[in-house]
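Participant: Can you keep this structure in mind? I'll have questions shortly.
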Amino acid sequence: MTSSRTPLFAANWKMYKTLKEAAVFFETFLKLLPQKMEEEIVIFPPFTLLYSISSFIGTKIKIGGQDLFWEKEGAFTGEISPLMLKDSGCHFVLIGHSERRKYFAETNSMINKKVLSAFEYGLKPVLCIGETLEEMGKGMTRQILTKQIQEGLKGVAHSDFEKLVVAYEPVWAIGTGKADTPSQSNETIRFIRETLSDLCGIHEADKIRILYGGSVKPQNIRGFIEQPEIDGALVGGASLNPEDFARIVFSRVLS
Ligand code: PEP
């Protein structure tokens with residue numbers, strides 16, 4: 001973590017929590033937040049909770065959608081537009097999570113449309129990228145990441161790059177309890193920043209926050225955020241528990 005980029009900790013709640021469960025989470029979590037904090041916190045709850053949550057989280061926490069559809073409105077049954085996310089209080093949106101790539105057949109070109117649409121409507125995209133176990137086994141990690149970055153960010157305006165967040169999430173580490181090592185993910189993230197700088201120049205690439213995601217827990221977070229290239233974490237399972245998530249966000253202060 002470097003001092004020039006604001007640390008970011010994001011909670012991906014996936015398809016978990018009812019409104020009542022979310023209220024219970026925040027009742028505890030809000031009490032654990034210090035008066036002043038340097039960290040930025042974003043919660044990505046299911047769509048159904050966005051509006052209600054935005055009314056009781058205050059200003060220290062931001063919310064985001066777990067996905068969006070690229071059109072502003074129209075006959076697209078079941079989809080949520082960037083305008084609707086903004087309307088529900090969102091500042092961020094997750095795009096290209098591996099579960100969407102895998103179960104909903106999202107391609108890099110669909111992801112690219114979503115990224116461009118997020119920027120157009122003033123949402124900060126958190127672009128998720130990462131290789132599968134098979135791809136890693138074949139030594140294809142860098143090739144896969146390069147393709148995901150180049151195709152996913154095609155046509156992004158130079159001035160928008162600094163608002164971008166990238167989450168490096170090796171697919172084999174998500175929900176498996178087998179996190180990447182801090183040093184290996186730091187090296188991969190350094191490579192991701194270099195690849196981004198080919199698109200937008202080193203000056204802009206230096207401002208982009210790149211998170212690590214994949215089986216982050218209170219017990220292993222320190223190793224990741226001590227790395228110079230890692231600007232925070234995208235947390236799935238461990239973000240569902242308020243104490244665990246707080247221990248992850250504030251690990252530098254708490255220990
Ligand atoms: C995720 O869903 O983005 C994730 C990183 O999950 P977990 O922390 O449970 O591995």
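Here, A, B, ... name the chains of the structure tokens in the order displayed, residue numbers run from 1 inside each chain, and ligands are numbered from 1 in the same displayed order.
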What do you get as an NGL selection string if you pick all residues at most 10 Å from ligand 1, counting only C-alpha atoms and all ligand atoms?
Facilitator: :A and (10-14 or 94 or 97-99 or 128 or 167-179 or 212-217 or 233-240)
Participant: What's around Glu71 (chain A) at 12 Å? Count only C-alpha atoms, leave out sequence neighbours fewer than 2 positions away in its own chain, and write the answer as a CSV table (one decimal) with N, CA and C atoms, in the first residue's frame.
Facilitator:
```csv
chain,number,residue,atom,x,y,z
A,68,LEU,N,-24.4,-4.3,-13.6
A,68,LEU,CA,-25.3,-3.4,-14.3
A,68,LEU,C,-25.5,-3.8,-15.7
A,69,PHE,N,-26.6,-3.3,-16.3
A,69,PHE,CA,-26.8,-3.5,-17.8
A,69,PHE,C,-26.4,-2.2,-18.4
A,73,GLU,N,-32.2,2.7,-20.1
A,73,GLU,CA,-33.5,2.2,-19.8
A,73,GLU,C,-34.0,1.4,-21.0
A,74,GLY,N,-35.1,0.7,-20.9
A,74,GLY,CA,-35.6,0.0,-22.0
A,74,GLY,C,-36.3,-1.4,-21.7
A,75,ALA,N,-36.6,-2.1,-22.7
A,75,ALA,CA,-37.3,-3.4,-22.6
A,75,ALA,C,-36.2,-4.5,-22.4
A,76,PHE,N,-35.6,-4.5,-21.2
A,76,PHE,CA,-34.6,-5.5,-20.8
A,76,PHE,C,-35.0,-6.1,-19.5
A,77,THR,N,-36.0,-7.0,-19.5
A,77,THR,CA,-36.5,-7.5,-18.3
A,77,THR,C,-35.5,-8.1,-17.4
A,79,GLU,N,-33.1,-6.6,-15.8
A,79,GLU,CA,-31.8,-5.9,-15.8
A,79,GLU,C,-31.9,-4.6,-15.0
A,80,ILE,N,-30.8,-4.1,-14.5
A,80,ILE,CA,-30.7,-2.9,-13.8
A,80,ILE,C,-29.7,-1.9,-14.5
A,81,SER,N,-30.2,-0.7,-14.7
A,81,SER,CA,-29.4,0.3,-15.4
A,81,SER,C,-28.5,1.1,-14.5
A,82,PRO,N,-27.4,1.8,-15.1
A,82,PRO,CA,-26.5,2.6,-14.3
A,82,PRO,C,-27.3,3.8,-13.7
A,83,LEU,N,-28.3,4.3,-14.4
A,83,LEU,CA,-29.1,5.4,-13.8
A,83,LEU,C,-29.9,4.9,-12.6
A,84,MET,N,-30.3,3.7,-12.6
A,84,MET,CA,-31.1,3.1,-11.5
A,84,MET,C,-30.1,2.9,-10.3
A,110,MET,N,-18.8,-7.7,-23.5
A,110,MET,CA,-20.0,-7.3,-22.7
A,110,MET,C,-19.5,-6.4,-21.5
A,113,LYS,N,-18.7,-2.9,-22.5
A,113,LYS,CA,-19.9,-2.1,-22.6
A,113,LYS,C,-20.3,-1.6,-21.2
A,114,LYS,N,-20.2,-2.5,-20.2
A,114,LYS,CA,-20.6,-2.1,-18.9
A,114,LYS,C,-19.7,-1.1,-18.3
A,115,VAL,N,-18.4,-1.2,-18.5
A,115,VAL,CA,-17.4,-0.3,-18.0
A,115,VAL,C,-17.7,1.1,-18.6
A,116,LEU,N,-17.9,1.2,-19.9
A,116,LEU,CA,-18.1,2.5,-20.5
A,116,LEU,C,-19.4,3.1,-20.1
A,117,SER,N,-20.4,2.3,-19.8
A,117,SER,CA,-21.7,2.8,-19.4
A,117,SER,C,-21.6,3.3,-17.9
A,118,ALA,N,-20.8,2.6,-17.1
A,118,ALA,CA,-20.6,3.1,-15.7
A,118,ALA,C,-20.0,4.4,-15.7
A,120,GLU,N,-20.0,6.6,-18.1
A,120,GLU,CA,-20.9,7.6,-18.7
A,120,GLU,C,-21.9,8.2,-17.7
A,121,TYR,N,-22.4,7.3,-16.7
A,121,TYR,CA,-23.4,7.7,-15.8
A,121,TYR,C,-22.8,8.1,-14.4
```
Participant: Identify which of the residues A:Val156, A:Ile149, A:Ile111, A:Ile53 lies closest to Phe191 (chain A), counting only C-alpha atoms when measuring atom-to-atom distances.
Facilitator: A:Ile149
Participant: List the spatial neighbours of Ala23 (chain A) as JSON, numbers by chain - criterion: any atom at most 9 Å away, only C-alpha atoms, same-chain residues fewer than 5 positions off excluded.
Facilitator: {"A": [18, 28, 53, 56]}
Participant: Can you work out which one of A:Leu199, A:Leu85, A:Leu33, A:Leu123 has the shortest atom-to-atom distance to Tyr51 (chain A), counting only C-alpha atoms?
Facilitator: A:Leu85
Participant: Which residue is closest to Trp70 (chain A)? Choose from A:Phe119, A:Gln150, A:Ile202, A:Leu133 and count only C-alpha atoms.
Facilitator: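 Once distances to Trp70 (chain A) are computed over only C-alpha atoms, the minimum belongs to A:Phe119.
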Participant: Can you check which residues of region 24-224 of chain A DSSP gives as helix (DSSP H, G or I) on the backbone and send them as a PyMOL selection string?
Facilitator: chain A and resi 24-31+47-56+82-87+98-103+108-120+133-137+141-152+158-163+171-173+182-200+202-205+221-224
Participant: Apply DSSP to the structure's backbone, then extract all residues of region 26-155 of chain A labelled strand (DSSP E) and return them as a count of residues only.
Facilitator: 22
Participant: Using only C-alpha atoms, which residue out of A:Asp87, A:Asp67, A:Glu229, A:Glu39 lies closest to Ser54 (chain A)?
Facilitator: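 The answer is A:Asp87, which sits nearest to Ser54 (chain A).
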Participant: Between A:Glu134, A:Lys86, A:Phe250, A:Ile95, single out the one closest to Ile41 (chain A), counting only C-alpha atoms.
Facilitator: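 Among A:Glu134, A:Lys86, A:Phe250, A:Ile95, it is A:Phe250 that comes nearest to Ile41 (chain A).
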